[in-house]
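Structure file my_file.cif; described as mmCIF, C-alpha atoms and all ligand atoms.
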```
data_my_file
loop_
_atom_site.label_atom_id
_atom_site.label_comp_id
_atom_site.auth_asym_id
_atom_site.auth_seq_id
_atom_site.Cartn_x
_atom_site.Cartn_y
_atom_site.Cartn_z
CA MET A 221 0.00 0.00 0.00
CA SER A 222 1.33 3.35 -0.86
CA TYR A 223 -1.53 5.76 -0.96
CA SER A 224 -1.00 9.48 -0.82
CA LYS A 225 -0.96 11.20 2.57
CA ASP A 226 -4.13 13.07 1.64
CA THR A 227 -6.02 9.92 0.82
CA VAL A 228 -4.96 8.18 4.00
CA SER A 229 -5.72 11.11 6.27
CA GLN A 230 -9.13 11.71 4.68
CA VAL A 231 -10.12 8.07 5.06
CA PHE A 232 -8.85 7.92 8.65
CA ASN A 233 -10.90 11.02 9.47
CA GLU A 234 -13.94 9.40 7.94
CA PHE A 235 -13.42 6.32 10.11
CA ASN A 236 -13.08 8.51 13.21
CA ASP A 237 -16.27 10.34 12.31
CA LYS A 238 -18.03 7.05 11.72
CA ARG A 239 -17.04 5.75 15.14
CA LYS A 240 -18.14 8.98 16.81
CA ARG A 241 -21.46 8.83 14.97
CA ASN A 242 -21.97 5.19 16.02
CA GLU A 243 -21.50 6.20 19.64
CA GLU A 244 -23.76 9.21 19.42
CA LEU A 245 -26.51 7.15 17.84
CA ARG A 246 -26.11 4.43 20.45
CA ASP A 247 -26.23 7.05 23.22
CA SER A 248 -29.41 8.57 21.90
CA ARG A 249 -31.04 5.13 21.64
CA LEU A 250 -29.95 4.51 25.21
CA VAL A 251 -31.53 7.77 26.36
CA ALA A 252 -34.78 6.79 24.66
CA ALA A 253 -34.74 3.33 26.23
CA TYR A 254 -33.95 4.68 29.74
CA ALA A 255 -36.79 7.17 29.42
CA LYS A 256 -39.24 4.40 28.74
CA ILE A 257 -37.73 1.74 31.04
CA PRO A 258 -36.15 3.29 34.17
CA GLU A 259 -35.22 -0.16 35.46
CA LEU A 260 -32.82 -0.55 32.56
CA LYS A 261 -30.54 2.06 34.05
CA GLU A 262 -30.28 0.08 37.30
CA ILE A 263 -29.42 -3.05 35.35
CA ASP A 264 -26.73 -1.25 33.37
CA ARG A 265 -25.23 0.13 36.56
CA ALA A 266 -25.07 -3.38 37.97
CA LEU A 267 -23.60 -4.74 34.74
CA SER A 268 -20.94 -2.08 34.66
CA LEU A 269 -19.69 -3.31 38.04
CA THR A 270 -19.03 -6.83 36.81
CA GLY A 271 -15.43 -6.14 35.90
CA LEU A 272 -14.68 -4.80 39.35
CA GLN A 273 -16.44 -7.73 40.98
CA ILE A 274 -14.35 -10.21 39.03
CA LEU A 275 -11.21 -8.39 40.09
CA GLY A 276 -12.46 -8.42 43.69
CA ALA A 277 -13.21 -12.14 43.50
CA SER A 278 -9.72 -12.92 42.24
CA LEU A 279 -8.16 -10.86 45.03
CA GLN A 280 -9.86 -13.09 47.59
CA GLY A 281 -7.39 -15.85 46.86
CA LYS A 282 -7.36 -18.97 44.77
CA ASP A 283 -9.67 -20.98 47.04
CA GLY A 284 -13.07 -21.29 45.45
CA LEU A 285 -12.13 -18.73 42.83
CA GLU A 286 -13.72 -20.62 39.98
CA GLU A 287 -17.02 -20.90 41.81
CA ARG A 288 -17.00 -17.22 42.69
CA ILE A 289 -16.32 -16.29 39.07
CA ASN A 290 -18.95 -18.67 37.75
CA LYS A 291 -21.49 -17.20 40.11
CA LEU A 292 -20.68 -13.71 38.85
CA LYS A 293 -20.97 -14.89 35.28
CA GLU A 294 -24.38 -16.36 35.99
CA GLU A 295 -25.56 -13.15 37.63
CA ASN A 296 -24.27 -11.29 34.67
CA LYS A 297 -26.11 -13.50 32.25
CA SER A 298 -29.39 -13.24 34.10
CA LEU A 299 -29.05 -9.45 34.17
CA ASN A 300 -28.47 -9.45 30.43
CA ASP A 301 -31.42 -11.77 29.84
CA LYS A 302 -33.63 -9.53 31.94
CA ARG A 303 -32.38 -6.53 30.03
CA SER A 304 -33.27 -8.06 26.65
CA ALA A 305 -36.66 -9.15 27.93
CA LEU A 306 -37.44 -5.63 29.17
CA LEU A 307 -36.46 -4.11 25.85
CA LEU A 308 -38.63 -6.56 23.95
CA GLU A 309 -41.59 -6.06 26.28
CA ASN A 310 -41.39 -2.35 25.65
CA GLY A 311 -41.40 -2.62 21.90
CA PHE A 312 -37.64 -2.30 21.29
CA SER A 313 -35.44 -4.90 19.64
CA ALA A 314 -33.22 -6.83 22.06
CA ASP A 315 -30.10 -5.22 20.60
CA TYR A 316 -31.64 -1.76 20.44
CA THR A 317 -29.03 -0.16 22.69
CA ASP A 318 -26.02 -2.02 21.26
CA MET A 319 -23.47 -0.28 19.09
CA LYS A 320 -24.27 -0.70 15.40
CA PHE A 321 -21.36 -0.98 13.01
CA GLU A 322 -21.14 -0.57 9.27
CA CYS A 323 -18.57 -3.34 9.33
CA GLU A 324 -19.17 -6.00 11.95
CA SER A 325 -15.83 -7.70 11.19
CA CYS A 326 -13.69 -4.86 12.54
CA ARG A 327 -16.39 -2.92 14.42
CA ASP A 328 -15.47 0.06 12.25
CA GLN A 329 -11.94 0.08 13.63
CA GLY A 330 -10.45 -0.54 10.18
CA TYR A 331 -8.08 -3.13 11.62
CA ILE A 332 -8.45 -6.68 12.87
CA ASN A 333 -5.55 -7.85 15.05
CA GLY A 334 -3.33 -5.21 13.52
CA LYS A 335 -4.24 -6.19 9.97
CA MET A 336 -6.14 -3.89 7.69
CA CYS A 337 -9.80 -4.87 7.33
CA GLN A 338 -11.35 -5.22 3.85
CA CYS A 339 -13.61 -2.26 4.59
CA LEU A 340 -10.63 0.03 5.16
CA LYS A 341 -8.89 -1.24 2.03
CA ARG A 342 -12.05 -0.58 0.01
CA ALA A 343 -12.40 2.91 1.44
CA LEU A 344 -8.78 3.74 0.57
CA ILE A 345 -9.21 2.46 -2.97
CA THR A 346 -12.43 4.41 -3.47
CA LYS A 347 -10.84 7.60 -2.17
CA GLN A 348 -7.76 7.10 -4.30
CA LEU A 349 -9.92 6.53 -7.38
CA GLU A 350 -11.81 9.74 -6.63
CA SER A 351 -8.61 11.74 -6.38
CA SER A 352 -6.79 10.04 -9.25
CA GLY A 353 -8.14 12.40 -11.88
CA VAL A 354 -9.72 9.51 -13.78
CA GLY A 355 -13.17 10.49 -12.56
CA GLU A 356 -16.07 9.45 -14.75
CA LEU A 357 -13.91 7.49 -17.18
CA ILE A 358 -13.24 4.84 -14.60
CA SER A 359 -16.56 3.07 -15.09
CA SER A 360 -16.48 2.92 -18.90
CA GLN A 361 -12.79 2.60 -19.74
CA GLY A 362 -11.31 -0.50 -18.19
CA PHE A 363 -9.56 -3.52 -19.69
CA GLU A 364 -12.89 -5.34 -19.45
CA ASN A 365 -14.59 -3.08 -21.98
CA PHE A 366 -11.69 -2.63 -24.35
CA SER A 367 -12.61 -4.35 -27.61
CA LEU A 368 -10.17 -5.72 -30.16
CA ASP A 369 -12.95 -5.97 -32.73
CA PHE A 370 -12.40 -2.34 -33.67
CA TYR A 371 -9.00 -3.18 -35.14
CA LYS A 372 -8.61 -4.88 -38.50
CA GLY A 373 -5.92 -7.15 -39.93
CA ALA A 374 -2.38 -6.51 -38.74
CA ASP A 375 -3.59 -3.65 -36.53
CA ARG A 376 -5.59 -6.10 -34.49
CA GLU A 377 -2.58 -8.33 -33.84
CA ILE A 378 -0.48 -5.39 -32.80
CA MET A 379 -3.18 -4.10 -30.47
CA GLU A 380 -3.80 -7.54 -29.04
CA SER A 381 -0.21 -7.96 -28.05
CA LEU A 382 -0.11 -4.37 -26.77
CA VAL A 383 -3.04 -5.06 -24.45
CA GLU A 384 -1.29 -8.21 -23.21
CA ASP A 385 1.86 -6.19 -22.52
CA LEU A 386 -0.11 -3.62 -20.58
CA LYS A 387 -1.87 -6.23 -18.49
CA GLU A 388 1.51 -7.70 -17.69
CA TYR A 389 2.72 -4.20 -16.82
CA VAL A 390 -0.07 -3.99 -14.26
CA ASN A 391 0.66 -7.46 -12.87
CA GLU A 392 4.36 -6.81 -12.47
CA PHE A 393 3.99 -3.33 -10.98
CA PRO A 394 5.72 -2.15 -8.79
CA GLU A 395 8.48 -4.81 -8.91
CA LYS A 396 8.95 -3.89 -12.55
CA LYS A 397 8.08 -0.34 -13.47
CA ALA A 398 8.92 0.95 -16.90
CA ASN A 399 8.16 4.33 -18.38
CA LEU A 400 5.86 4.06 -21.37
CA LEU A 401 5.25 6.41 -24.27
CA PHE A 402 1.90 5.83 -25.98
CA VAL A 403 2.04 7.11 -29.53
CA GLY A 404 -0.70 7.09 -32.14
CA GLY A 405 -3.54 8.87 -33.87
CA THR A 406 -6.77 10.06 -32.41
CA GLY A 407 -9.53 7.82 -31.02
CA ILE A 408 -7.60 4.55 -30.98
CA GLY A 409 -7.58 3.78 -27.28
CA LYS A 410 -4.65 5.60 -25.68
CA THR A 411 -6.75 7.30 -23.04
CA HIS A 412 -8.94 4.24 -22.65
CA LEU A 413 -6.00 1.98 -21.86
CA SER A 414 -4.36 4.63 -19.67
CA THR A 415 -7.51 4.72 -17.58
CA ALA A 416 -7.63 0.93 -17.49
CA ILE A 417 -4.09 0.84 -16.11
CA ALA A 418 -4.85 3.54 -13.54
CA LYS A 419 -7.92 1.69 -12.35
CA ALA A 420 -6.21 -1.70 -12.13
CA LEU A 421 -3.20 -0.33 -10.25
CA ILE A 422 -5.27 1.66 -7.78
CA GLU A 423 -7.21 -1.53 -7.09
CA LYS A 424 -3.83 -3.08 -6.34
CA GLY A 425 -3.15 -0.38 -3.78
CA GLN A 426 -0.87 1.90 -5.79
CA SER A 427 -1.23 5.66 -5.93
CA VAL A 428 -1.82 6.66 -9.53
CA ILE A 429 -2.55 10.08 -10.90
CA TYR A 430 -4.00 10.52 -14.36
CA GLU A 431 -4.16 14.00 -15.82
CA THR A 432 -3.85 15.78 -19.13
CA ALA A 433 -0.63 17.65 -19.81
CA THR A 434 -2.57 20.91 -20.02
CA ASN A 435 -4.03 20.48 -16.52
CA ILE A 436 -0.73 19.38 -15.05
CA PHE A 437 1.04 22.47 -16.35
CA ALA A 438 -1.84 24.64 -15.13
CA ASP A 439 -1.34 23.25 -11.63
CA PHE A 440 2.37 24.01 -11.76
CA GLU A 441 1.57 27.50 -13.02
CA ASN A 442 -0.93 28.10 -10.20
CA ASP A 443 1.55 26.89 -7.61
CA ARG A 444 4.03 29.43 -8.92
CA PHE A 445 1.74 32.26 -7.95
CA ARG A 446 0.53 30.92 -4.68
CA ASP A 447 1.80 32.22 -1.43
CA ARG A 448 4.85 30.14 -0.73
CA TYR A 449 4.77 30.86 2.96
CA ASN A 450 1.26 29.78 3.83
CA GLY A 451 2.55 26.35 4.76
CA GLU A 452 0.30 24.47 2.35
CA GLU A 453 1.80 21.82 0.16
CA PRO A 454 1.84 22.80 -3.53
CA VAL A 455 -0.92 21.11 -5.54
CA SER A 456 1.67 19.92 -8.03
CA SER A 457 3.67 17.91 -5.50
CA LYS A 458 1.35 14.96 -6.06
CA TYR A 459 2.73 14.70 -9.60
CA MET A 460 6.21 14.26 -8.20
CA GLU A 461 5.25 11.72 -5.55
CA CYS A 462 2.62 9.29 -6.83
CA ASP A 463 3.65 5.73 -7.69
CA LEU A 464 2.63 6.18 -11.30
CA LEU A 465 1.92 9.39 -13.17
CA ILE A 466 -0.09 9.20 -16.37
CA ILE A 467 0.22 12.31 -18.52
CA ASP A 468 -2.33 12.33 -21.30
CA ASP A 469 -2.42 14.38 -24.52
CA LEU A 470 1.12 15.67 -24.45
CA GLY A 471 1.47 18.13 -27.30
CA THR A 472 -2.03 19.56 -27.05
CA GLU A 473 -0.92 22.13 -24.47
CA VAL A 474 0.24 25.58 -25.47
CA ILE A 475 3.97 25.01 -25.46
CA THR A 476 5.91 27.75 -23.69
CA ASN A 477 9.30 27.98 -22.01
CA PHE A 478 7.48 27.41 -18.76
CA THR A 479 5.70 24.21 -19.84
CA VAL A 480 8.90 22.85 -21.37
CA SER A 481 10.90 23.45 -18.22
CA CYS A 482 8.06 21.98 -16.17
CA LEU A 483 7.99 18.86 -18.29
CA TYR A 484 11.75 18.48 -18.08
CA ASN A 485 11.70 18.92 -14.33
CA LEU A 486 8.83 16.48 -13.90
CA ILE A 487 10.36 13.77 -16.09
CA ASN A 488 13.83 14.22 -14.66
CA THR A 489 12.70 14.22 -11.03
CA ARG A 490 10.60 11.12 -11.48
CA LEU A 491 13.29 9.29 -13.42
CA ASN A 492 15.78 10.04 -10.64
CA LYS A 493 13.37 8.79 -8.01
CA LYS A 494 12.61 5.69 -10.12
CA LEU A 495 8.93 6.66 -10.20
CA PRO A 496 7.46 5.73 -13.57
CA ILE A 497 5.47 7.82 -16.04
CA ILE A 498 3.09 6.87 -18.83
CA LEU A 499 2.88 9.57 -21.46
CA SER A 500 0.40 9.71 -24.35
CA THR A 501 0.74 11.79 -27.44
CA ASN A 502 -0.56 12.22 -30.98
CA LEU A 503 2.76 13.70 -32.00
CA GLY A 504 5.15 11.74 -34.17
CA SER A 505 8.82 11.55 -33.26
CA ALA A 506 9.77 14.43 -35.57
CA GLU A 507 7.13 16.66 -34.00
CA ILE A 508 8.24 15.66 -30.53
CA ARG A 509 11.80 16.64 -31.37
CA LYS A 510 10.58 19.92 -32.79
CA SER A 511 8.34 20.78 -29.84
CA TYR A 512 10.58 19.88 -26.93
CA ASN A 513 14.26 20.38 -26.26
CA ASP A 514 17.03 17.80 -26.54
CA ARG A 515 17.15 17.16 -22.84
CA ILE A 516 13.50 16.09 -22.92
CA THR A 517 13.59 14.16 -26.19
CA SER A 518 16.70 12.24 -25.27
CA ARG A 519 14.94 11.09 -22.11
CA LEU A 520 11.72 10.28 -23.94
CA PHE A 521 13.49 8.17 -26.52
CA GLY A 522 16.07 6.75 -24.12
CA ASP A 523 14.13 6.02 -20.95
CA PHE A 524 10.64 5.27 -22.25
CA GLU A 525 9.38 2.14 -23.98
CA ILE A 526 7.52 3.29 -27.07
CA LYS A 527 4.11 1.72 -27.51
CA LEU A 528 2.70 2.32 -30.95
CA PHE A 529 -1.09 2.33 -31.13
CA LYS A 530 -2.69 1.31 -34.42
CA GLY A 531 -6.11 1.59 -35.98
CA THR A 532 -8.64 4.10 -37.16
CA ASP A 533 -10.70 6.45 -34.99
CA ASN A 534 -12.94 4.38 -32.71
CA ARG A 535 -14.96 7.28 -31.37
CA GLY A 536 -18.65 6.57 -31.70
CA LYS A 537 -18.10 2.99 -32.89
N1 LIG B 601 -10.67 -0.72 -28.47
C1 LIG B 601 -11.64 -0.01 -27.91
N2 LIG B 601 -12.65 -0.63 -27.28
C2 LIG B 601 -13.64 0.06 -26.74
N3 LIG B 601 -13.73 1.40 -26.75
C3 LIG B 601 -12.74 2.08 -27.38
C4 LIG B 601 -11.65 1.41 -27.97
N4 LIG B 601 -10.81 2.35 -28.49
C5 LIG B 601 -11.37 3.52 -28.24
N5 LIG B 601 -12.53 3.36 -27.56
C6 LIG B 601 -13.43 4.43 -27.13
O1 LIG B 601 -13.37 5.46 -28.08
C7 LIG B 601 -13.23 6.73 -27.47
C8 LIG B 601 -11.89 7.33 -27.87
O2 LIG B 601 -10.81 6.54 -27.39
P1 LIG B 601 -9.60 7.16 -26.58
O3 LIG B 601 -10.09 8.31 -25.78
O4 LIG B 601 -8.92 6.10 -25.84
O5 LIG B 601 -8.72 7.67 -27.79
P2 LIG B 601 -7.27 8.30 -27.77
O6 LIG B 601 -6.36 7.36 -28.45
O7 LIG B 601 -6.93 8.71 -26.39
O8 LIG B 601 -7.52 9.57 -28.71
P3 LIG B 601 -6.91 11.04 -28.59
O9 LIG B 601 -5.53 10.98 -29.14
O10 LIG B 601 -7.81 11.87 -29.46
O11 LIG B 601 -6.95 11.45 -27.16
C9 LIG B 601 -13.34 6.47 -25.98
O12 LIG B 601 -14.67 6.65 -25.59
C10 LIG B 601 -12.94 5.03 -25.83
O13 LIG B 601 -13.55 4.43 -24.71
MG MG B 602 -6.85 10.55 -25.44
ZN ZN B 603 -14.02 -3.58 8.61
#
```
Take the structure in this file and express it as structure tokens.
Amino acid sequence: MSYSKDTVSQVFNEFNDKRKRNEELRDSRLVAAYAKIPELKEIDRALSLTGLQILGASLQGKDGLEERINKLKEENKSLNDKRSALLLENGFSADYTDMKFECESCRDQGYINGKMCQCLKRALITKQLESSGVGELISSQGFENFSLDFYKGADREIMESLVEDLKEYVNEFPEKKANLLFVGGTGIGKTHLSTAIAKALIEKGQSVIYETATNIFADFENDRFRDRYNGEEPVSSKYMECDLLIIDDLGTEVITNFTVSCLYNLINTRLNKKLPIILSTNLGSAEIRKSYNDRITSRLFGDFEIKLFKGTDNRGK
């Protein structure tokens, strides 16, 4: 698991809130039950003393300890039985004043014997998906709804083996983590497969950010003009830190000195930290060389595996 700090802290806060809410709800049910059944309060007072009584019994020495404890247990049970009966008689369910949990397995603690509960894992994944930038695309653009039928002849074979490669990429991540450069014309599945990878890796517990080049550069630009001393982390730092960054539509941004230096910095920083990038572009290699400087292109062609997408525009098919 390597979710972003934001994701983890948001989910932990939600779990705290949930536990507080559980208690508040239980307390208000208790108030309602006490109001209707005053005797219940007496029983609860008696029950709350059980722990002390057991301690007291054990302090009286080993002789007859078991009997003393068994007697206490019996008393305890009959109090509980009486309690349930009273609740039922008064139109409540027997467990009306118990805590109610969304997840009974971990009682909304998020952990069972120090191990993360499924409910916490799910919550982290959901939160990470929400903040991944993939948004709406996540439901419609997975591996499961990527069709090879759109590709004809040799294109189909190429795309079939490409999809296999990308599934393997997901399976081997993060032990193996290559940088990929998706190249090809419009509407042939670059964004679709990028989203599929993001989704599959987030499900595996990796932090993945998907964003268009234009939006990424806009975030860097905004950070430049934000107050550096307000203590907040720059929005763009997530692009430097996530396990996988997917930059879509490189080349559609307005290319300026600023965006070029941003891109260089982003690629270089992530390469140094061994944090992979998947980049998509419509540009051919000549256009890439023309648009970006040597320091960028030498990295793109040296450190990225080029994945050529084939086919004709699938939009609307
Ligand atoms: N093989 C496919 N199976 C199912 N849907 C596909 C396939 N290829 C493309 N699509 C759908 O067609 C639309 C366009 O595909 P996508 O966005 O992946 O294209 P792209 O290669 O990223 O194009 P662009 O370069 O214009 O961004 C999307 O809605 C996508 O889900
Ligand atoms: Mg696209
Ligand atoms: Zn749980």
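Of the listed residues A:Leu499, A:Cys462, A:Leu483, A:Cys337, the one whose atoms come nearest to ligand LIG 601 (chain B) is A:Leu499, with distances taken using all atoms listed in the file.
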Legend entry - Within 9 Å of A:Ile289 using all atoms listed in the file, minus same-chain residues under 6 positions, as a ChimeraX atom specification: /A:273-274,277-278
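Restricting the atom set to all atoms listed in the file, one finds that the residues within 12 Å of ligand ZN 603 (chain B) amount to Phe235, Lys238, Arg239, Phe321, Glu322, Cys323, Glu324, Ser325, Cys326, Arg327, Asp328, Gln329, Gly330, Tyr331, Ile332, Asn333, Gly334, Lys335, Met336, Cys337, Gln338, Cys339, Leu340, Lys341, Arg342 and Ala343 of chain A.
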Since we have the selection now, will you write its residues out, keeping C-alpha atoms, as a PDB file, keeping the file's coordinate frame?
```pdb
ATOM      1  CA  PHE A 235     -13.420   6.320  10.110  1.00  0.00           C
ATOM      2  CA  LYS A 238     -18.030   7.050  11.720  1.00  0.00           C
ATOM      3  CA  ARG A 239     -17.040   5.750  15.140  1.00  0.00           C
ATOM      4  CA  PHE A 321     -21.360  -0.980  13.010  1.00  0.00           C
ATOM      5  CA  GLU A 322     -21.140  -0.570   9.270  1.00  0.00           C
ATOM      6  CA  CYS A 323     -18.570  -3.340   9.330  1.00  0.00           C
ATOM      7  CA  GLU A 324     -19.170  -6.000  11.950  1.00  0.00           C
ATOM      8  CA  SER A 325     -15.830  -7.700  11.190  1.00  0.00           C
ATOM      9  CA  CYS A 326     -13.690  -4.860  12.540  1.00  0.00           C
ATOM     10  CA  ARG A 327     -16.390  -2.920  14.420  1.00  0.00           C
ATOM     11  CA  ASP A 328     -15.470   0.060  12.250  1.00  0.00           C
ATOM     12  CA  GLN A 329     -11.940   0.080  13.630  1.00  0.00           C
ATOM     13  CA  GLY A 330     -10.450  -0.540  10.180  1.00  0.00           C
ATOM     14  CA  TYR A 331      -8.080  -3.130  11.620  1.00  0.00           C
ATOM     15  CA  ILE A 332      -8.450  -6.680  12.870  1.00  0.00           C
ATOM     16  CA  ASN A 333      -5.550  -7.850  15.050  1.00  0.00           C
ATOM     17  CA  GLY A 334      -3.330  -5.210  13.520  1.00  0.00           C
ATOM     18  CA  LYS A 335      -4.240  -6.190   9.970  1.00  0.00           C
ATOM     19  CA  MET A 336      -6.140  -3.890   7.690  1.00  0.00           C
ATOM     20  CA  CYS A 337      -9.800  -4.870   7.330  1.00  0.00           C
ATOM     21  CA  GLN A 338     -11.350  -5.220   3.850  1.00  0.00           C
ATOM     22  CA  CYS A 339     -13.610  -2.260   4.590  1.00  0.00           C
ATOM     23  CA  LEU A 340     -10.630   0.030   5.160  1.00  0.00           C
ATOM     24  CA  LYS A 341      -8.890  -1.240   2.030  1.00  0.00           C
ATOM     25  CA  ARG A 342     -12.050  -0.580   0.010  1.00  0.00           C
ATOM     26  CA  ALA A 343     -12.400   2.910   1.440  1.00  0.00           C
TER      27      ALA A 343
END
```
Using all atoms listed in the file, find each residue of chain A with at least one atom at most 8 Å away from an atom of ligand MG 602 (chain B); report its shortest atom-to-atom pair and that distance in Å (one decimal), sort the rows by chain and rising residue number, and return the result as JSON lines.
```
{"residue": "A:Thr406", "atom": "CA", "partner": "B:MG602", "partner_atom": "MG", "distance": 7.0}
{"residue": "A:Gly407", "atom": "CA", "partner": "B:MG602", "partner_atom": "MG", "distance": 6.8}
{"residue": "A:Gly409", "atom": "CA", "partner": "B:MG602", "partner_atom": "MG", "distance": 7.1}
{"residue": "A:Lys410", "atom": "CA", "partner": "B:MG602", "partner_atom": "MG", "distance": 5.4}
{"residue": "A:Thr411", "atom": "CA", "partner": "B:MG602", "partner_atom": "MG", "distance": 4.0}
{"residue": "A:His412", "atom": "CA", "partner": "B:MG602", "partner_atom": "MG", "distance": 7.2}
{"residue": "A:Asp468", "atom": "CA", "partner": "B:MG602", "partner_atom": "MG", "distance": 6.4}
{"residue": "A:Asp469", "atom": "CA", "partner": "B:MG602", "partner_atom": "MG", "distance": 5.9}
{"residue": "A:Ser500", "atom": "CA", "partner": "B:MG602", "partner_atom": "MG", "distance": 7.4}
{"residue": "A:Thr501", "atom": "CA", "partner": "B:MG602", "partner_atom": "MG", "distance": 7.9}
```
For chain A against ligand LIG 601 (chain B), with a cut-off of 9 Å and counting all atoms listed in the file, what is the closest atom pair and its distance in Å to one decimal for every residue that makes the cut, ordered by chain and number, as JSON lines?
```
{"residue": "A:Leu357", "atom": "CA", "partner": "B:LIG601", "partner_atom": "O13", "distance": 8.1}
{"residue": "A:Ser360", "atom": "CA", "partner": "B:LIG601", "partner_atom": "O13", "distance": 6.7}
{"residue": "A:Gln361", "atom": "CA", "partner": "B:LIG601", "partner_atom": "O13", "distance": 5.4}
{"residue": "A:Gly362", "atom": "CA", "partner": "B:LIG601", "partner_atom": "O13", "distance": 8.5}
{"residue": "A:Phe363", "atom": "CA", "partner": "B:LIG601", "partner_atom": "N2", "distance": 8.7}
{"residue": "A:Asn365", "atom": "CA", "partner": "B:LIG601", "partner_atom": "C2", "distance": 5.8}
{"residue": "A:Phe366", "atom": "CA", "partner": "B:LIG601", "partner_atom": "N2", "distance": 3.7}
{"residue": "A:Ser367", "atom": "CA", "partner": "B:LIG601", "partner_atom": "N2", "distance": 3.7}
{"residue": "A:Leu368", "atom": "CA", "partner": "B:LIG601", "partner_atom": "N1", "distance": 5.3}
{"residue": "A:Asp369", "atom": "CA", "partner": "B:LIG601", "partner_atom": "N1", "distance": 7.1}
{"residue": "A:Phe370", "atom": "CA", "partner": "B:LIG601", "partner_atom": "N1", "distance": 5.7}
{"residue": "A:Tyr371", "atom": "CA", "partner": "B:LIG601", "partner_atom": "N1", "distance": 7.3}
{"residue": "A:Met379", "atom": "CA", "partner": "B:LIG601", "partner_atom": "N1", "distance": 8.5}
{"residue": "A:Phe402", "atom": "CA", "partner": "B:LIG601", "partner_atom": "O6", "distance": 8.8}
{"residue": "A:Val403", "atom": "CA", "partner": "B:LIG601", "partner_atom": "O6", "distance": 8.5}
{"residue": "A:Gly404", "atom": "CA", "partner": "B:LIG601", "partner_atom": "O6", "distance": 6.8}
{"residue": "A:Gly405", "atom": "CA", "partner": "B:LIG601", "partner_atom": "O9", "distance": 5.5}
{"residue": "A:Thr406", "atom": "CA", "partner": "B:LIG601", "partner_atom": "O10", "distance": 3.6}
{"residue": "A:Gly407", "atom": "CA", "partner": "B:LIG601", "partner_atom": "O5", "distance": 3.3}
{"residue": "A:Ile408", "atom": "CA", "partner": "B:LIG601", "partner_atom": "O6", "distance": 4.0}
{"residue": "A:Gly409", "atom": "CA", "partner": "B:LIG601", "partner_atom": "O4", "distance": 3.0}
{"residue": "A:Lys410", "atom": "CA", "partner": "B:LIG601", "partner_atom": "O6", "distance": 3.7}
{"residue": "A:Thr411", "atom": "CA", "partner": "B:LIG601", "partner_atom": "O7", "distance": 3.6}
{"residue": "A:His412", "atom": "CA", "partner": "B:LIG601", "partner_atom": "O4", "distance": 3.7}
{"residue": "A:Leu413", "atom": "CA", "partner": "B:LIG601", "partner_atom": "O4", "distance": 6.4}
{"residue": "A:Ser414", "atom": "CA", "partner": "B:LIG601", "partner_atom": "O4", "distance": 7.8}
{"residue": "A:Thr415", "atom": "CA", "partner": "B:LIG601", "partner_atom": "O4", "distance": 8.5}
{"residue": "A:Asp468", "atom": "CA", "partner": "B:LIG601", "partner_atom": "O11", "distance": 7.5}
{"residue": "A:Asp469", "atom": "CA", "partner": "B:LIG601", "partner_atom": "O11", "distance": 6.0}
{"residue": "A:Ser500", "atom": "CA", "partner": "B:LIG601", "partner_atom": "O7", "distance": 7.7}
{"residue": "A:Thr501", "atom": "CA", "partner": "B:LIG601", "partner_atom": "O9", "distance": 6.5}
{"residue": "A:Asn502", "atom": "CA", "partner": "B:LIG601", "partner_atom": "O9", "distance": 5.4}
{"residue": "A:Phe529", "atom": "CA", "partner": "B:LIG601", "partner_atom": "O6", "distance": 7.8}
{"residue": "A:Gly531", "atom": "CA", "partner": "B:LIG601", "partner_atom": "N4", "distance": 8.9}
{"residue": "A:Asp533", "atom": "CA", "partner": "B:LIG601", "partner_atom": "C8", "distance": 7.3}
{"residue": "A:Asn534", "atom": "CA", "partner": "B:LIG601", "partner_atom": "O1", "distance": 4.8}
{"residue": "A:Arg535", "atom": "CA", "partner": "B:LIG601", "partner_atom": "O1", "distance": 4.1}
{"residue": "A:Gly536", "atom": "CA", "partner": "B:LIG601", "partner_atom": "O1", "distance": 6.5}
{"residue": "A:Lys537", "atom": "CA", "partner": "B:LIG601", "partner_atom": "O1", "distance": 7.2}
```
Inset, instruction - Kindly indicate which residue among A:Glu461, A:Glu364, A:Glu473, A:Asp514 lies nearest to A:Thr489, using only C-alpha atoms for the distances. - result: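 Among the listed residues, the smallest separation from A:Thr489 belongs to A:Glu461.
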Centre and edge lengths, as lines of an AutoDock Vina configuration file, for the axis-aligned box enclosing every listed atom of stretch 325-331 of chain A with 8 Å of padding on each of the six sides, in Å to one decimal?
```
center_x = -12.2
center_y = -3.8
center_z = 12.3
size_x = 24.3
size_y = 23.8
size_z = 20.2
```
Counting all atoms listed in the file, which residues of stretch 276-357 of chain A fall within 12 Å of stretch 252-258 of chain A, and what is the closest atom pair for each with its distance in Å at one decimal, ordered by chain and rising number, as a tab-separated table?
```
residue	atom	partner	partner_atom	distance
A:Arg303	CA	A:Ile257	CA	9.9
A:Ser304	CA	A:Ala253	CA	11.5
A:Ala305	CA	A:Ile257	CA	11.4
A:Leu306	CA	A:Ile257	CA	7.6
A:Leu307	CA	A:Ala253	CA	7.6
A:Leu308	CA	A:Ala253	CA	10.9
A:Glu309	CA	A:Ile257	CA	9.9
A:Asn310	CA	A:Ile257	CA	7.7
A:Gly311	CA	A:Ala253	CA	9.9
A:Phe312	CA	A:Ala253	CA	8.0
A:Ser313	CA	A:Ala253	CA	10.6
A:Ala314	CA	A:Ala253	CA	11.1
A:Asp315	CA	A:Ala253	CA	11.2
A:Tyr316	CA	A:Ala253	CA	8.3
A:Thr317	CA	A:Ala253	CA	7.6
A:Asp318	CA	A:Ala253	CA	11.4
```
Legend entry - Distance in Å - atom CA of A:Phe478 versus atom CA of A:Ile516: 13.5 Å
